[in-house]
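Chemist: Got a structure here, written out as structure tokens. Questions coming.
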Amino acid sequence: MHILILGATGRVGRRILEKALADGHEVTALVRSPEKLTGIHSEGLTLFQGDARNGDDLHAALRGAELVISCLGTDGGTVLTEFTPLLIEAMKTHGVSRVITVGTAGILQSRAHPGLLRYEAPDSRRSRARAAEEHRKAWEQLAASGLSWTVVCPTYLPDGEPQGQYRIERDYLPDGGMSISAGDTAAFTYRAALEGEYVGCRVGIAY
């Protein structure tokens, strides 16, 4: 399969990239700084230098792709809301229907406050609200796109190798979940992308 990976230089994205190449997939990585991936060598890898917020770069990187995996974060600004409409348009142009992204547990439903998202609940940390709002807008754009989308929503995300044992739940964070490693988040995201699971929903993931 030909996979386009966005955010491939990050903690989760790089792990997905390495796994996809190890499994023999053809991978295009759209990155702003290719030098951050200098340690990865594979005939199946095409590094495309560009910006996901540039429509022309997205169109060029999408040629031939069958699946999009995005691990882009907010970068403290409006990256997601700038990029997501461009990605949707480019995917439709190139006939690519499947996209899976990594979001945040803040946009999952609140158990304690029905009708609210976790970041909207009175007991949530206001310092995280801005990033969560950006993730929410991107999720809503995907949900309205008609594409086969999934948003993986990890809670506190320390670095660490995959343990292989974690809990997942549609639209909610598993009860009592406090953390999930970058390794397990990458492993689940990659598996769900290839197997076509959890289409049309957010997925909470935690230990």
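Letters A, B, ... go to the chains of the structure tokens in the order shown; residues in each chain start at 1; ligands are counted from 1 in the same order.
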Residues of chain A classed as alpha helix (DSSP H) by DSSP on the backbone are to be reported as a compact mmCIF listing (two decimals) with N, CA and C atoms, in the first residue's frame.
Modeler:
```
# COMPACT_ATOMS: atom_id res chain seq x y z
N ARG A 11 7.13 12.32 17.47
CA ARG A 11 7.33 11.08 18.24
C ARG A 11 6.43 9.96 17.75
N VAL A 12 5.19 10.26 17.47
CA VAL A 12 4.26 9.23 16.99
C VAL A 12 4.45 8.98 15.50
N GLY A 13 4.55 10.05 14.74
CA GLY A 13 4.67 9.90 13.29
C GLY A 13 5.90 9.14 12.85
N ARG A 14 7.03 9.39 13.51
CA ARG A 14 8.25 8.68 13.12
C ARG A 14 8.12 7.18 13.38
N ARG A 15 7.48 6.81 14.46
CA ARG A 15 7.29 5.38 14.75
C ARG A 15 6.40 4.73 13.70
N ILE A 16 5.34 5.44 13.29
CA ILE A 16 4.47 4.90 12.25
C ILE A 16 5.23 4.77 10.94
N LEU A 17 6.03 5.76 10.62
CA LEU A 17 6.84 5.72 9.40
C LEU A 17 7.76 4.50 9.40
N GLU A 18 8.46 4.29 10.50
CA GLU A 18 9.40 3.17 10.57
C GLU A 18 8.67 1.82 10.45
N LYS A 19 7.50 1.71 11.08
CA LYS A 19 6.73 0.47 11.02
C LYS A 19 6.22 0.22 9.61
N ALA A 20 5.72 1.24 8.95
CA ALA A 20 5.20 1.08 7.59
C ALA A 20 6.30 0.65 6.63
N LEU A 21 7.48 1.22 6.76
CA LEU A 21 8.59 0.85 5.90
C LEU A 21 9.05 -0.58 6.19
N ALA A 22 9.09 -0.94 7.47
CA ALA A 22 9.50 -2.30 7.85
C ALA A 22 8.54 -3.34 7.30
N GLY A 55 -1.54 23.97 -0.35
CA GLY A 55 -2.35 23.06 -1.15
C GLY A 55 -1.57 22.38 -2.26
N ASP A 56 -0.67 23.10 -2.91
CA ASP A 56 0.12 22.51 -3.99
C ASP A 56 1.01 21.39 -3.47
N ASP A 57 1.59 21.61 -2.28
CA ASP A 57 2.43 20.57 -1.69
C ASP A 57 1.61 19.33 -1.35
N LEU A 58 0.42 19.52 -0.83
CA LEU A 58 -0.44 18.37 -0.50
C LEU A 58 -0.83 17.60 -1.75
N HIS A 59 -1.19 18.30 -2.80
CA HIS A 59 -1.56 17.63 -4.04
C HIS A 59 -0.39 16.81 -4.58
N ALA A 60 0.79 17.39 -4.55
CA ALA A 60 1.97 16.68 -5.07
C ALA A 60 2.27 15.45 -4.22
N ALA A 61 2.19 15.58 -2.91
CA ALA A 61 2.51 14.47 -2.02
C ALA A 61 1.47 13.35 -2.09
N LEU A 62 0.24 13.68 -2.43
CA LEU A 62 -0.86 12.71 -2.45
C LEU A 62 -0.88 11.83 -3.70
N VAL A 79 -2.43 25.46 12.73
CA VAL A 79 -1.99 24.52 11.69
C VAL A 79 -3.12 23.60 11.26
N LEU A 80 -3.82 23.02 12.22
CA LEU A 80 -4.82 22.01 11.89
C LEU A 80 -6.00 22.59 11.12
N THR A 81 -6.48 23.75 11.54
CA THR A 81 -7.64 24.31 10.85
C THR A 81 -7.26 24.91 9.50
N GLU A 82 -6.01 25.24 9.30
CA GLU A 82 -5.55 25.68 7.98
C GLU A 82 -5.37 24.49 7.05
N PHE A 83 -4.81 23.42 7.60
CA PHE A 83 -4.43 22.27 6.78
C PHE A 83 -5.58 21.34 6.43
N THR A 84 -6.51 21.13 7.36
CA THR A 84 -7.53 20.10 7.17
C THR A 84 -8.42 20.34 5.95
N PRO A 85 -8.93 21.55 5.71
CA PRO A 85 -9.73 21.75 4.49
C PRO A 85 -8.93 21.50 3.21
N LEU A 86 -7.67 21.86 3.23
CA LEU A 86 -6.82 21.62 2.06
C LEU A 86 -6.62 20.13 1.84
N LEU A 87 -6.43 19.38 2.92
CA LEU A 87 -6.27 17.94 2.81
C LEU A 87 -7.54 17.30 2.26
N ILE A 88 -8.68 17.69 2.79
CA ILE A 88 -9.96 17.12 2.32
C ILE A 88 -10.13 17.35 0.83
N GLU A 89 -9.87 18.56 0.39
CA GLU A 89 -10.01 18.88 -1.04
C GLU A 89 -9.05 18.08 -1.88
N ALA A 90 -7.80 17.97 -1.43
CA ALA A 90 -6.79 17.23 -2.20
C ALA A 90 -7.12 15.74 -2.24
N MET A 91 -7.59 15.17 -1.12
CA MET A 91 -7.94 13.76 -1.10
C MET A 91 -9.07 13.46 -2.06
N LYS A 92 -10.06 14.32 -2.10
CA LYS A 92 -11.18 14.11 -3.03
C LYS A 92 -10.72 14.22 -4.47
N THR A 93 -9.83 15.15 -4.74
CA THR A 93 -9.30 15.31 -6.10
C THR A 93 -8.56 14.06 -6.56
N HIS A 94 -7.80 13.45 -5.64
CA HIS A 94 -6.98 12.29 -5.99
C HIS A 94 -7.68 10.96 -5.72
N ALA A 129 -7.12 24.30 26.66
CA ALA A 129 -8.35 24.52 25.91
C ALA A 129 -8.08 25.01 24.49
N ARG A 130 -7.07 25.85 24.31
CA ARG A 130 -6.82 26.40 22.98
C ARG A 130 -6.44 25.30 21.99
N ALA A 131 -5.53 24.41 22.40
CA ALA A 131 -5.13 23.31 21.51
C ALA A 131 -6.31 22.38 21.25
N ALA A 132 -7.10 22.11 22.31
CA ALA A 132 -8.25 21.22 22.14
C ALA A 132 -9.27 21.83 21.18
N GLU A 133 -9.47 23.12 21.25
CA GLU A 133 -10.41 23.78 20.34
C GLU A 133 -9.93 23.65 18.89
N GLU A 134 -8.65 23.75 18.68
CA GLU A 134 -8.10 23.58 17.34
C GLU A 134 -8.33 22.15 16.85
N HIS A 135 -8.08 21.17 17.71
CA HIS A 135 -8.34 19.78 17.36
C HIS A 135 -9.82 19.55 17.09
N ARG A 136 -10.67 20.19 17.87
CA ARG A 136 -12.11 20.03 17.67
C ARG A 136 -12.54 20.52 16.29
N LYS A 137 -12.07 21.67 15.90
CA LYS A 137 -12.44 22.22 14.59
C LYS A 137 -11.98 21.30 13.46
N ALA A 138 -10.77 20.74 13.59
CA ALA A 138 -10.27 19.81 12.58
C ALA A 138 -11.13 18.55 12.52
N TRP A 139 -11.50 18.03 13.70
CA TRP A 139 -12.36 16.85 13.75
C TRP A 139 -13.71 17.14 13.09
N GLU A 140 -14.29 18.29 13.38
CA GLU A 140 -15.59 18.62 12.80
C GLU A 140 -15.50 18.78 11.29
N GLN A 141 -14.38 19.30 10.80
CA GLN A 141 -14.19 19.40 9.36
C GLN A 141 -14.11 18.01 8.72
N LEU A 142 -13.39 17.10 9.36
CA LEU A 142 -13.32 15.73 8.84
C LEU A 142 -14.68 15.05 8.88
N ALA A 143 -15.41 15.25 9.98
CA ALA A 143 -16.70 14.60 10.14
C ALA A 143 -17.70 15.03 9.06
N ALA A 182 3.77 7.08 23.51
CA ALA A 182 3.85 7.38 22.08
C ALA A 182 3.95 6.10 21.27
N GLY A 183 4.65 5.10 21.82
CA GLY A 183 4.81 3.84 21.10
C GLY A 183 3.50 3.11 20.91
N ASP A 184 2.67 3.03 21.94
CA ASP A 184 1.39 2.34 21.81
C ASP A 184 0.40 3.16 20.99
N THR A 185 0.47 4.48 21.10
CA THR A 185 -0.39 5.32 20.26
C THR A 185 -0.08 5.11 18.79
N ALA A 186 1.21 5.06 18.46
CA ALA A 186 1.62 4.82 17.08
C ALA A 186 1.18 3.44 16.61
N ALA A 187 1.37 2.43 17.45
CA ALA A 187 1.01 1.06 17.06
C ALA A 187 -0.48 0.94 16.79
N PHE A 188 -1.31 1.53 17.66
CA PHE A 188 -2.75 1.45 17.46
C PHE A 188 -3.18 2.23 16.22
N THR A 189 -2.64 3.44 16.05
CA THR A 189 -3.00 4.27 14.90
C THR A 189 -2.68 3.55 13.60
N TYR A 190 -1.51 2.96 13.53
CA TYR A 190 -1.07 2.25 12.33
C TYR A 190 -1.99 1.05 12.05
N ARG A 191 -2.29 0.28 13.08
CA ARG A 191 -3.15 -0.90 12.90
C ARG A 191 -4.55 -0.49 12.47
N ALA A 192 -5.11 0.50 13.12
CA ALA A 192 -6.46 0.94 12.79
C ALA A 192 -6.53 1.49 11.37
N ALA A 193 -5.46 2.16 10.94
CA ALA A 193 -5.43 2.70 9.58
C ALA A 193 -5.46 1.59 8.55
N LEU A 194 -4.66 0.57 8.75
CA LEU A 194 -4.57 -0.51 7.77
C LEU A 194 -5.79 -1.42 7.79
N GLU A 195 -6.36 -1.63 8.95
CA GLU A 195 -7.48 -2.56 9.07
C GLU A 195 -8.83 -1.89 8.85
```
Chemist: Report as a Markdown table the residues of range 48-163 of chain A within 9 Å of range 33-42 of chain A, each with its shortest atom pair and distance in Å (one decimal), using only C-alpha atoms, ordered by chain and increasing residue number.
Modeler:
```
| residue | atom | partner | partner_atom | distance |
| --- | --- | --- | --- | --- |
| A:Phe48 | CA | A:Pro34 | CA | 7.7 |
| A:Gln49 | CA | A:Pro34 | CA | 6.4 |
| A:Gly50 | CA | A:Ser33 | CA | 8.2 |
```
Chemist: What is the CA of Glu26 in chain A-CA of Val68 in chain A distance in Å, reported with one decimal?
Modeler: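 About the pair CA of Glu26 in chain A and CA of Val68 in chain A: they are 12.1 Å apart.
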Chemist: Between CA of Val199 in chain A and CA of Met1 in chain A, what is the spacing in Å?
Modeler: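 So the two atoms, CA of Met1 in chain A and CA of Val199 in chain A, lie 18.5 Å apart.
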Chemist: Between A:Gly73, A:Gly176, A:Pro114, A:Gly95, which has the minimum distance to Gly7 in chain A (counting only C-alpha atoms)?
Modeler: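 Distance minimum relative to Gly7 in chain A lands on A:Gly73.
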Chemist: Using only C-alpha atoms for the distances, tell me which of A:Val99, A:Ile180, A:Ile168, A:Leu30 is nearest to Leu45 in chain A.
Modeler: A:Leu30
Chemist: Could you write out, as a VMD selection string, all the residues of range 63-115 of chain A that DSSP marks as strand (DSSP E or B)?
Modeler: chain A and resid 67 to 70 98 to 102 109
Chemist: Just the selected residues (N, CA, C and O atoms), exported as a PDB file, in the first residue's frame, please.
Modeler:
```
ATOM      1  N   LEU A  67      -3.838   5.924   1.289  1.00  0.00           N
ATOM      2  CA  LEU A  67      -4.176   6.104   2.692  1.00  0.00           C
ATOM      3  C   LEU A  67      -3.384   7.294   3.224  1.00  0.00           C
ATOM      4  O   LEU A  67      -2.214   7.472   2.869  1.00  0.00           O
ATOM      5  N   VAL A  68      -4.018   8.101   4.083  1.00  0.00           N
ATOM      6  CA  VAL A  68      -3.337   9.230   4.712  1.00  0.00           C
ATOM      7  C   VAL A  68      -3.344   9.026   6.222  1.00  0.00           C
ATOM      8  O   VAL A  68      -4.387   8.751   6.824  1.00  0.00           O
ATOM      9  N   ILE A  69      -2.173   9.140   6.833  1.00  0.00           N
ATOM     10  CA  ILE A  69      -2.039   9.127   8.286  1.00  0.00           C
ATOM     11  C   ILE A  69      -1.417  10.457   8.689  1.00  0.00           C
ATOM     12  O   ILE A  69      -0.315  10.784   8.266  1.00  0.00           O
ATOM     13  N   SER A  70      -2.142  11.221   9.507  1.00  0.00           N
ATOM     14  CA  SER A  70      -1.636  12.529   9.934  1.00  0.00           C
ATOM     15  C   SER A  70      -1.401  12.555  11.429  1.00  0.00           C
ATOM     16  O   SER A  70      -2.311  12.289  12.221  1.00  0.00           O
ATOM     17  N   ARG A  98      -9.534   7.290   2.664  1.00  0.00           N
ATOM     18  CA  ARG A  98      -9.258   6.909   4.049  1.00  0.00           C
ATOM     19  C   ARG A  98      -8.217   7.821   4.688  1.00  0.00           C
ATOM     20  O   ARG A  98      -7.101   7.985   4.160  1.00  0.00           O
ATOM     21  N   VAL A  99      -8.554   8.403   5.845  1.00  0.00           N
ATOM     22  CA  VAL A  99      -7.624   9.257   6.583  1.00  0.00           C
ATOM     23  C   VAL A  99      -7.787   8.982   8.065  1.00  0.00           C
ATOM     24  O   VAL A  99      -8.899   8.867   8.573  1.00  0.00           O
ATOM     25  N   ILE A 100      -6.669   8.857   8.756  1.00  0.00           N
ATOM     26  CA  ILE A 100      -6.681   8.699  10.211  1.00  0.00           C
ATOM     27  C   ILE A 100      -5.726   9.729  10.798  1.00  0.00           C
ATOM     28  O   ILE A 100      -4.618   9.922  10.292  1.00  0.00           O
ATOM     29  N   THR A 101      -6.178  10.433  11.817  1.00  0.00           N
ATOM     30  CA  THR A 101      -5.378  11.493  12.417  1.00  0.00           C
ATOM     31  C   THR A 101      -5.212  11.233  13.911  1.00  0.00           C
ATOM     32  O   THR A 101      -5.967  10.473  14.513  1.00  0.00           O
ATOM     33  N   VAL A 102      -4.223  11.885  14.500  1.00  0.00           N
ATOM     34  CA  VAL A 102      -3.999  11.805  15.943  1.00  0.00           C
ATOM     35  C   VAL A 102      -4.420  13.133  16.556  1.00  0.00           C
ATOM     36  O   VAL A 102      -3.869  14.187  16.209  1.00  0.00           O
ATOM     37  N   GLN A 109     -15.979  12.774  24.473  1.00  0.00           N
ATOM     38  CA  GLN A 109     -17.141  13.126  25.287  1.00  0.00           C
ATOM     39  C   GLN A 109     -16.796  13.051  26.771  1.00  0.00           C
ATOM     40  O   GLN A 109     -16.040  12.172  27.199  1.00  0.00           O
TER      41      GLN A 109
END
```
Chemist: I'd like to know which of A:Gly164, A:Gly146, A:Gly204, A:Gly77 is closest to Gly103 in chain A, using only C-alpha atoms.
Modeler: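 Using only C-alpha atoms, Gly103 in chain A sits closest to A:Gly204.
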Chemist: Taking into account only C-alpha atoms, which residue in the set A:Gly160, A:Gln165, A:Tyr207, A:Gly196 is nearest to Ser181 in chain A?
Modeler: A:Gly160
Chemist: Provide the CA of Met178 in chain A to CA of Leu157 in chain A distance in Å, to one decimal place.
Modeler: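 Taking CA of Met178 in chain A and CA of Leu157 in chain A, their separation equals 9.2 Å.
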Chemist: Name all residues at most 8 Å from Thr155 in chain A (count only C-alpha atoms; drop same-chain ones fewer than 6 positions away) and give them as a PyMOL selection string.
Modeler: chain A and resi 104-106+173+177-180+204-206
Chemist: Any idea what's packed within 6 Å of Leu147 in chain A, counting only C-alpha atoms, ignoring anything in its chain fewer than 2 positions away? Could you give it as number ranges by chain?
Modeler: A: 97, 145, 149
Chemist: Which residue gives the smallest distance to Tyr172 in chain A among A:Ile107, A:Ile5, A:Val27, A:Leu72, with only C-alpha atoms counted?
Modeler: A:Ile107
